[in-house]
>>> print(open('final.cif').read())   # mmCIF, C-alpha atoms
data_final
#
loop_
_atom_site.group_PDB
_atom_site.id
_atom_site.type_symbol
_atom_site.label_atom_id
_atom_site.label_comp_id
_atom_site.auth_asym_id
_atom_site.auth_seq_id
_atom_site.Cartn_x
_atom_site.Cartn_y
_atom_site.Cartn_z
ATOM 1 C CA MET A 23 0.000 0.000 0.000
ATOM 2 C CA THR A 24 1.302 3.453 -0.926
ATOM 3 C CA THR A 25 1.776 5.800 2.019
ATOM 4 C CA PRO A 26 -0.143 9.065 1.469
ATOM 5 C CA SER A 27 1.822 12.304 1.577
ATOM 6 C CA LEU A 28 0.923 15.771 2.837
ATOM 7 C CA VAL A 29 2.550 19.209 2.899
ATOM 8 C CA ALA A 30 2.443 21.403 6.028
ATOM 9 C CA LEU A 31 3.363 25.074 5.645
ATOM 10 C CA ASP A 32 3.791 28.100 7.822
ATOM 11 C CA MET A 33 1.769 31.109 6.673
ATOM 12 C CA GLU A 34 3.382 34.494 7.285
ATOM 13 C CA GLY A 35 6.661 34.946 5.462
ATOM 14 C CA VAL A 36 6.043 31.777 3.449
ATOM 15 C CA LEU A 37 2.688 32.470 1.793
ATOM 16 C CA LEU A 38 1.479 35.767 3.227
ATOM 17 C CA GLU A 39 3.091 39.103 3.963
ATOM 18 C CA GLU A 40 3.881 39.576 7.645
ATOM 19 C CA VAL A 41 0.772 40.919 9.380
ATOM 20 C CA TRP A 42 2.625 42.619 12.218
ATOM 21 C CA LEU A 43 4.959 44.434 9.823
ATOM 22 C CA ALA A 44 1.903 45.906 8.102
ATOM 23 C CA ILE A 45 0.468 46.932 11.471
ATOM 24 C CA ALA A 46 3.786 48.506 12.475
ATOM 25 C CA SER A 47 3.992 50.444 9.211
ATOM 26 C CA HIS A 48 0.432 51.718 9.585
ATOM 27 C CA THR A 49 0.763 52.728 13.243
ATOM 28 C CA GLY A 50 4.379 53.862 13.191
ATOM 29 C CA ILE A 51 5.087 51.733 16.280
ATOM 30 C CA GLU A 52 8.514 50.253 15.605
ATOM 31 C CA LYS A 53 8.380 47.575 18.322
ATOM 32 C CA LEU A 54 5.505 45.925 16.457
ATOM 33 C CA ARG A 55 7.995 45.064 13.704
ATOM 34 C CA LEU A 56 9.396 42.290 15.882
ATOM 35 C CA THR A 57 8.190 38.844 14.769
ATOM 36 C CA THR A 58 8.961 35.196 15.461
ATOM 37 C CA ARG A 59 11.931 35.643 13.119
ATOM 38 C CA ASP A 60 13.417 37.951 15.769
ATOM 39 C CA VAL A 61 12.068 36.666 19.103
ATOM 40 C CA SER A 62 12.103 32.955 19.924
ATOM 41 C CA ASP A 63 9.781 33.218 22.963
ATOM 42 C CA TYR A 64 6.280 33.567 21.505
ATOM 43 C CA ASP A 65 4.625 34.388 24.834
ATOM 44 C CA GLU A 66 7.105 37.200 25.454
ATOM 45 C CA LEU A 67 6.414 38.545 21.967
ATOM 46 C CA MET A 68 2.627 38.440 22.360
ATOM 47 C CA ARG A 69 2.641 40.015 25.804
ATOM 48 C CA MET A 70 4.628 42.907 24.370
ATOM 49 C CA ARG A 71 2.257 43.257 21.410
ATOM 50 C CA LEU A 72 -0.913 43.261 23.504
ATOM 51 C CA ASP A 73 0.577 45.745 25.936
ATOM 52 C CA ILE A 74 1.382 48.102 23.060
ATOM 53 C CA LEU A 75 -2.069 47.724 21.494
ATOM 54 C CA ASN A 76 -3.794 48.431 24.790
ATOM 55 C CA ARG A 77 -1.626 51.455 25.582
ATOM 56 C CA HIS A 78 -2.390 52.929 22.169
ATOM 57 C CA GLY A 79 -6.094 52.027 22.182
ATOM 58 C CA ILE A 80 -5.856 49.904 19.028
ATOM 59 C CA THR A 81 -8.846 47.565 18.665
ATOM 60 C CA LEU A 82 -9.247 44.288 16.785
ATOM 61 C CA ALA A 83 -11.435 46.103 14.248
ATOM 62 C CA ASP A 84 -8.605 48.591 13.681
ATOM 63 C CA LEU A 85 -6.184 45.738 13.055
ATOM 64 C CA GLN A 86 -8.563 43.917 10.704
ATOM 65 C CA SER A 87 -8.991 47.108 8.694
ATOM 66 C CA VAL A 88 -5.217 47.470 8.308
ATOM 67 C CA ILE A 89 -4.869 43.805 7.344
ATOM 68 C CA ALA A 90 -7.649 44.029 4.739
ATOM 69 C CA GLU A 91 -6.051 47.105 3.174
ATOM 70 C CA SER A 92 -2.376 46.226 3.404
ATOM 71 C CA VAL A 93 -1.663 42.484 3.649
ATOM 72 C CA LYS A 94 -1.465 40.369 0.499
ATOM 73 C CA PRO A 95 -0.236 36.910 -0.453
ATOM 74 C CA LEU A 96 3.417 36.937 -1.437
ATOM 75 C CA PRO A 97 4.043 37.027 -5.204
ATOM 76 C CA GLY A 98 3.669 33.492 -6.540
ATOM 77 C CA ALA A 99 2.208 32.118 -3.296
ATOM 78 C CA VAL A 100 -1.273 31.308 -4.594
ATOM 79 C CA ASP A 101 0.121 29.594 -7.697
ATOM 80 C CA PHE A 102 2.449 27.606 -5.438
ATOM 81 C CA LEU A 103 -0.429 26.574 -3.166
ATOM 82 C CA ASN A 104 -2.489 25.503 -6.151
ATOM 83 C CA TRP A 105 0.471 23.548 -7.522
ATOM 84 C CA ILE A 106 0.543 21.561 -4.276
ATOM 85 C CA ARG A 107 -3.243 21.158 -4.139
ATOM 86 C CA ARG A 108 -3.269 19.555 -7.580
ATOM 87 C CA ARG A 109 -0.982 16.860 -6.205
ATOM 88 C CA LEU A 110 -1.337 16.545 -2.439
ATOM 89 C CA PRO A 111 -3.294 17.668 0.604
ATOM 90 C CA VAL A 112 -1.810 20.815 2.129
ATOM 91 C CA VAL A 113 -2.446 22.289 5.570
ATOM 92 C CA ILE A 114 -1.244 25.612 6.926
ATOM 93 C CA LEU A 115 0.022 25.331 10.497
ATOM 94 C CA SER A 116 0.355 28.856 11.804
ATOM 95 C CA ASP A 117 0.557 30.850 14.997
ATOM 96 C CA ILE A 118 -1.477 33.554 13.268
ATOM 97 C CA PHE A 119 -4.796 34.408 14.887
ATOM 98 C CA MET A 120 -7.837 33.350 12.894
ATOM 99 C CA GLU A 121 -9.348 36.795 13.475
ATOM 100 C CA PHE A 122 -6.408 38.205 11.483
ATOM 101 C CA VAL A 123 -6.865 35.667 8.681
ATOM 102 C CA GLN A 124 -10.534 36.486 8.051
ATOM 103 C CA PRO A 125 -9.921 39.650 5.974
ATOM 104 C CA VAL A 126 -7.443 37.950 3.595
ATOM 105 C CA VAL A 127 -8.242 34.224 3.416
ATOM 106 C CA HIS A 128 -10.249 34.700 0.213
ATOM 107 C CA LEU A 129 -7.113 36.031 -1.504
ATOM 108 C CA MET A 130 -5.508 32.633 -0.901
ATOM 109 C CA GLU A 131 -8.530 30.700 -2.199
ATOM 110 C CA TYR A 132 -9.516 29.409 1.255
ATOM 111 C CA PRO A 133 -6.780 26.942 2.218
ATOM 112 C CA THR A 134 -7.072 24.822 5.349
ATOM 113 C CA ILE A 135 -5.544 26.895 8.159
ATOM 114 C CA LEU A 136 -5.018 25.781 11.747
ATOM 115 C CA GLY A 137 -4.330 28.887 13.804
ATOM 116 C CA ASN A 138 -4.794 30.470 17.197
ATOM 117 C CA SER A 139 -7.547 32.721 18.551
ATOM 118 C CA LEU A 140 -8.194 35.915 20.497
ATOM 119 C CA THR A 141 -10.566 37.052 23.220
ATOM 120 C CA VAL A 142 -11.981 40.520 22.578
ATOM 121 C CA ASP A 143 -13.815 42.762 25.027
ATOM 122 C CA PRO A 144 -17.348 43.114 23.569
ATOM 123 C CA ASP A 145 -17.679 46.705 24.747
ATOM 124 C CA SER A 146 -14.293 48.229 23.952
ATOM 125 C CA GLY A 147 -13.264 45.967 21.077
ATOM 126 C CA MET A 148 -9.833 45.630 22.674
ATOM 127 C CA ILE A 149 -7.970 42.330 22.595
ATOM 128 C CA THR A 150 -7.767 41.022 26.151
ATOM 129 C CA LYS A 151 -6.211 37.569 25.717
ATOM 130 C CA TYR A 152 -4.599 35.332 23.150
ATOM 131 C CA HIS A 153 -5.139 31.581 23.071
ATOM 132 C CA ILE A 154 -2.545 29.159 21.763
ATOM 133 C CA ARG A 155 -4.087 26.145 20.038
ATOM 134 C CA GLN A 156 -1.556 23.863 21.728
ATOM 135 C CA ARG A 157 1.944 24.376 23.053
ATOM 136 C CA ASP A 158 4.402 23.377 20.334
ATOM 137 C CA GLY A 159 1.264 22.810 18.284
ATOM 138 C CA LYS A 160 2.943 22.788 14.893
ATOM 139 C CA ARG A 161 5.218 19.918 15.853
ATOM 140 C CA LYS A 162 2.383 18.021 17.519
ATOM 141 C CA ALA A 163 0.169 18.465 14.457
ATOM 142 C CA VAL A 164 2.892 17.022 12.232
ATOM 143 C CA GLN A 165 3.417 14.203 14.718
ATOM 144 C CA ALA A 166 -0.310 13.419 14.667
ATOM 145 C CA LEU A 167 -0.396 13.417 10.870
ATOM 146 C CA ARG A 168 2.508 10.990 10.803
ATOM 147 C CA ASP A 169 0.815 8.849 13.457
ATOM 148 C CA ILE A 170 -2.192 8.357 11.177
ATOM 149 C CA GLY A 171 0.018 7.292 8.304
ATOM 150 C CA TYR A 172 0.991 10.410 6.357
ATOM 151 C CA THR A 173 4.460 11.158 5.078
ATOM 152 C CA VAL A 174 4.856 14.860 5.832
ATOM 153 C CA PHE A 175 6.949 17.594 4.240
ATOM 154 C CA ALA A 176 7.034 20.801 6.317
ATOM 155 C CA ALA A 177 8.355 24.277 5.545
ATOM 156 C CA GLY A 178 8.573 27.537 7.467
ATOM 157 C CA ASP A 179 10.762 30.569 8.068
ATOM 158 C CA SER A 180 10.918 31.240 11.804
ATOM 159 C CA TYR A 181 12.028 29.959 15.189
ATOM 160 C CA ASN A 182 8.570 28.551 15.830
ATOM 161 C CA ASP A 183 8.772 26.389 12.692
ATOM 162 C CA LEU A 184 11.938 24.527 13.626
ATOM 163 C CA THR A 185 10.374 21.736 15.679
ATOM 164 C CA MET A 186 7.690 21.203 13.022
ATOM 165 C CA ILE A 187 10.312 20.851 10.303
ATOM 166 C CA LYS A 188 12.432 18.495 12.389
ATOM 167 C CA GLU A 189 9.397 16.356 13.270
ATOM 168 C CA ALA A 190 8.417 15.951 9.612
ATOM 169 C CA ASP A 191 9.757 13.226 7.342
ATOM 170 C CA ALA A 192 11.372 15.976 5.290
ATOM 171 C CA GLY A 193 11.324 19.745 5.293
ATOM 172 C CA ALA A 194 12.982 23.054 4.580
ATOM 173 C CA LEU A 195 13.454 26.594 5.777
ATOM 174 C CA PHE A 196 11.954 29.013 3.259
ATOM 175 C CA ARG A 197 13.267 32.582 3.145
ATOM 176 C CA ALA A 198 14.434 32.288 6.724
ATOM 177 C CA PRO A 199 16.753 35.008 8.038
ATOM 178 C CA GLU A 200 20.441 34.175 8.002
ATOM 179 C CA HIS A 201 20.720 33.896 11.788
ATOM 180 C CA ILE A 202 18.162 31.067 11.762
ATOM 181 C CA SER A 203 19.330 29.147 8.693
ATOM 182 C CA SER A 204 23.027 29.364 9.662
ATOM 183 C CA ALA A 205 22.246 28.073 13.160
ATOM 184 C CA HIS A 206 20.493 25.027 11.679
ATOM 185 C CA PRO A 207 22.684 23.767 8.818
ATOM 186 C CA ASP A 208 21.030 20.358 9.111
ATOM 187 C CA ILE A 209 17.826 21.822 7.618
ATOM 188 C CA LYS A 210 17.734 22.520 3.896
ATOM 189 C CA ALA A 211 17.112 26.156 3.028
ATOM 190 C CA CYS A 212 15.723 27.815 -0.077
ATOM 191 C CA SER A 213 14.328 31.176 -1.124
ATOM 192 C CA GLU A 214 12.226 30.577 -4.249
ATOM 193 C CA TYR A 215 9.001 28.642 -4.749
ATOM 194 C CA GLY A 216 10.598 26.731 -7.623
ATOM 195 C CA GLU A 217 13.279 25.442 -5.263
ATOM 196 C CA LEU A 218 10.661 24.505 -2.692
ATOM 197 C CA LYS A 219 8.678 22.622 -5.347
ATOM 198 C CA ASP A 220 11.819 20.680 -6.269
ATOM 199 C CA LEU A 221 12.417 19.753 -2.627
ATOM 200 C CA ILE A 222 8.808 18.626 -2.196
ATOM 201 C CA GLN A 223 8.949 16.551 -5.373
ATOM 202 C CA SER A 224 12.247 14.884 -4.526
ATOM 203 C CA SER A 225 11.467 14.316 -0.842
ATOM 204 C CA LEU A 226 8.008 12.869 -1.462
ATOM 205 C CA ARG A 227 9.013 11.179 -4.730
ATOM 206 C CA LEU A 228 6.378 12.917 -6.797
ATOM 207 C CA PRO A 229 6.343 12.743 -10.585
ATOM 208 C CA VAL A 230 8.244 15.682 -12.054
ATOM 209 C CA THR A 231 5.578 17.695 -13.878
ATOM 210 C CA ALA A 232 4.887 21.360 -14.511
#
>>> encode(input="final.cif", output="structure tokens")
Amino acid sequence: MTTPSLVALDMEGVLLEEVWLAIASHTGIEKLRLTTRDVSDYDELMRMRLDILNRHGITLADLQSVIAESVKPLPGAVDFLNWIRRRLPVVILSDIFMEFVQPVVHLMEYPTILGNSLTVDPDSGMITKYHIRQRDGKRKAVQALRDIGYTVFAAGDSYNDLTMIKEADAGALFRAPEHISSAHPDIKACSEYGELKDLIQSSLRLPVTA
């Protein structure tokens, strides 16, 4: 029996422009430019973000408006996703909040996304809490997919993708910053979708087609 294969991808920086960079550009708050490419402790990063949003009175609706206006799929990302979907199941494993995805998911033709969530004060519209789907959830999702018989290829660009990539049968860093890729020479690295396609095809032994 042939073992089924599946591709698991990070979202921001791999398929979608970085949401927090767009928010930082719109608000002029430089500290909001920090992402999981810069800070390895996600809780530390989110506590800082929520503190800044609350101090500046920035609501979820404000953020969704910025995202709808400013955040787009990366050039070639939708074609790349569709290339995978013609061949294999693909799931996006992301720490993004689903409330942030809502304004842009249609631009990506509604892929399957497993993300986190927010609690919002119904009166003020301010974000009061963030909820992580599961600690080290990307790795555990890949582990679960392998446990039910899938061969998994995983790709991401940040600190929080490393355990997912290492848990997968094969994987790669995609457009990761130099300080991450150089610290993990055991993980293949690439910067173009064509290269990532080649790695997926060779790792999962797919027929080489256009």
>>> resolve_selection(input="final.cif", expression="the PyMOL selection byres ((chain A and resi 101-113) around 10)", output="PyMOL selection string")
chain A and resi 26-33+37+97-100+114-116+130-131+133-136+174-176+215-216+218-219+222-223+228-229+232
>>> residues_near_point(input="final.cif", point="(11.0, 21.7, 12.2)", cutoff="12 Å", atoms="all atoms listed in the file", output="ChimeraX atom specification")
/A:30-32,115,158-165,174-196,202-203,206,208-211
>>> atom_distance(input="final.cif", atom1="CA of Ala83 in chain A", atom2="CA of Gly147 in chain A")
7.1 Å
>>> atom_distance(input="final.cif", atom1="CA of Thr81 in chain A", atom2="CA of Glu121 in chain A")
12.0 Å
>>> atom_distance(input="final.cif", atom1="CA of Glu34 in chain A", atom2="CA of Ser92 in chain A")
13.6 Å
>>> closest_residue(input="final.cif", among="A:Met148, A:Val127, A:Leu140, A:Val36", to="Ile74 in chain A", atoms="only C-alpha atoms")
A:Met148
>>> resolve_selection(input="final.cif", expression="the PyMOL selection byres ((chain A and resi 40) around 12)", output="ChimeraX atom specification")
/A:32-39,41-47,54-59,89,92-96,117-118,122-123,179-180
>>> write_last_selection(input="final.cif", atoms="C-alpha atoms", output="PDB file, keeping the file's coordinate frame")
ATOM      1  CA  ASP A  32       3.791  28.100   7.822  1.00  0.00           C
ATOM      2  CA  MET A  33       1.769  31.109   6.673  1.00  0.00           C
ATOM      3  CA  GLU A  34       3.382  34.494   7.285  1.00  0.00           C
ATOM      4  CA  GLY A  35       6.661  34.946   5.462  1.00  0.00           C
ATOM      5  CA  VAL A  36       6.043  31.777   3.449  1.00  0.00           C
ATOM      6  CA  LEU A  37       2.688  32.470   1.793  1.00  0.00           C
ATOM      7  CA  LEU A  38       1.479  35.767   3.227  1.00  0.00           C
ATOM      8  CA  GLU A  39       3.091  39.103   3.963  1.00  0.00           C
ATOM      9  CA  VAL A  41       0.772  40.919   9.380  1.00  0.00           C
ATOM     10  CA  TRP A  42       2.625  42.619  12.218  1.00  0.00           C
ATOM     11  CA  LEU A  43       4.959  44.434   9.823  1.00  0.00           C
ATOM     12  CA  ALA A  44       1.903  45.906   8.102  1.00  0.00           C
ATOM     13  CA  ILE A  45       0.468  46.932  11.471  1.00  0.00           C
ATOM     14  CA  ALA A  46       3.786  48.506  12.475  1.00  0.00           C
ATOM     15  CA  SER A  47       3.992  50.444   9.211  1.00  0.00           C
ATOM     16  CA  LEU A  54       5.505  45.925  16.457  1.00  0.00           C
ATOM     17  CA  ARG A  55       7.995  45.064  13.704  1.00  0.00           C
ATOM     18  CA  LEU A  56       9.396  42.290  15.882  1.00  0.00           C
ATOM     19  CA  THR A  57       8.190  38.844  14.769  1.00  0.00           C
ATOM     20  CA  THR A  58       8.961  35.196  15.461  1.00  0.00           C
ATOM     21  CA  ARG A  59      11.931  35.643  13.119  1.00  0.00           C
ATOM     22  CA  ILE A  89      -4.869  43.805   7.344  1.00  0.00           C
ATOM     23  CA  SER A  92      -2.376  46.226   3.404  1.00  0.00           C
ATOM     24  CA  VAL A  93      -1.663  42.484   3.649  1.00  0.00           C
ATOM     25  CA  LYS A  94      -1.465  40.369   0.499  1.00  0.00           C
ATOM     26  CA  PRO A  95      -0.236  36.910  -0.453  1.00  0.00           C
ATOM     27  CA  LEU A  96       3.417  36.937  -1.437  1.00  0.00           C
ATOM     28  CA  ASP A 117       0.557  30.850  14.997  1.00  0.00           C
ATOM     29  CA  ILE A 118      -1.477  33.554  13.268  1.00  0.00           C
ATOM     30  CA  PHE A 122      -6.408  38.205  11.483  1.00  0.00           C
ATOM     31  CA  VAL A 123      -6.865  35.667   8.681  1.00  0.00           C
ATOM     32  CA  ASP A 179      10.762  30.569   8.068  1.00  0.00           C
ATOM     33  CA  SER A 180      10.918  31.240  11.804  1.00  0.00           C
TER      34      SER A 180
END
>>> resolve_selection(input="final.cif", expression="the PyMOL selection byres ((chain A and resi 71) around 12)", output="JSON, numbers by chain")
{"A": [42, 43, 45, 46, 51, 52, 53, 54, 55, 56, 57, 64, 65, 66, 67, 68, 69, 70, 72, 73, 74, 75, 76, 77, 78, 80, 149, 150, 151, 152]}
>>> closest_residue(input="final.cif", among="A:Thr49, A:Leu221, A:Asp63, A:Val126", to="Gly79 in chain A", atoms="only C-alpha atoms")
A:Thr49
>>> closest_residue(input="final.cif", among="A:Arg168, A:Arg227, A:His201, A:Arg155", to="Ser62 in chain A", atoms="all atoms listed in the file")
A:His201
>>> residues_around(input="final.cif", residues="Thr25 in chain A", least_positions_apart="2", cutoff="8 Å", atoms="all atoms listed in the file", output="list in words")
Met23, Ser27, Gly171, Tyr172 and Thr173 of chain A
>>> axis_aligned_box(input="final.cif", around="range 212-215 of chain A", padding_each_side="8 Å", output="lines of an AutoDock Vina configuration file")
center_x = 12.4
center_y = 29.5
center_z = -2.4
size_x = 22.7
size_y = 19.4
size_z = 20.7
>>> closest_residue(input="final.cif", among="A:Ser225, A:Ser146, A:Thr24, A:Asp60", to="Glu200 in chain A", atoms="only C-alpha atoms")
A:Asp60
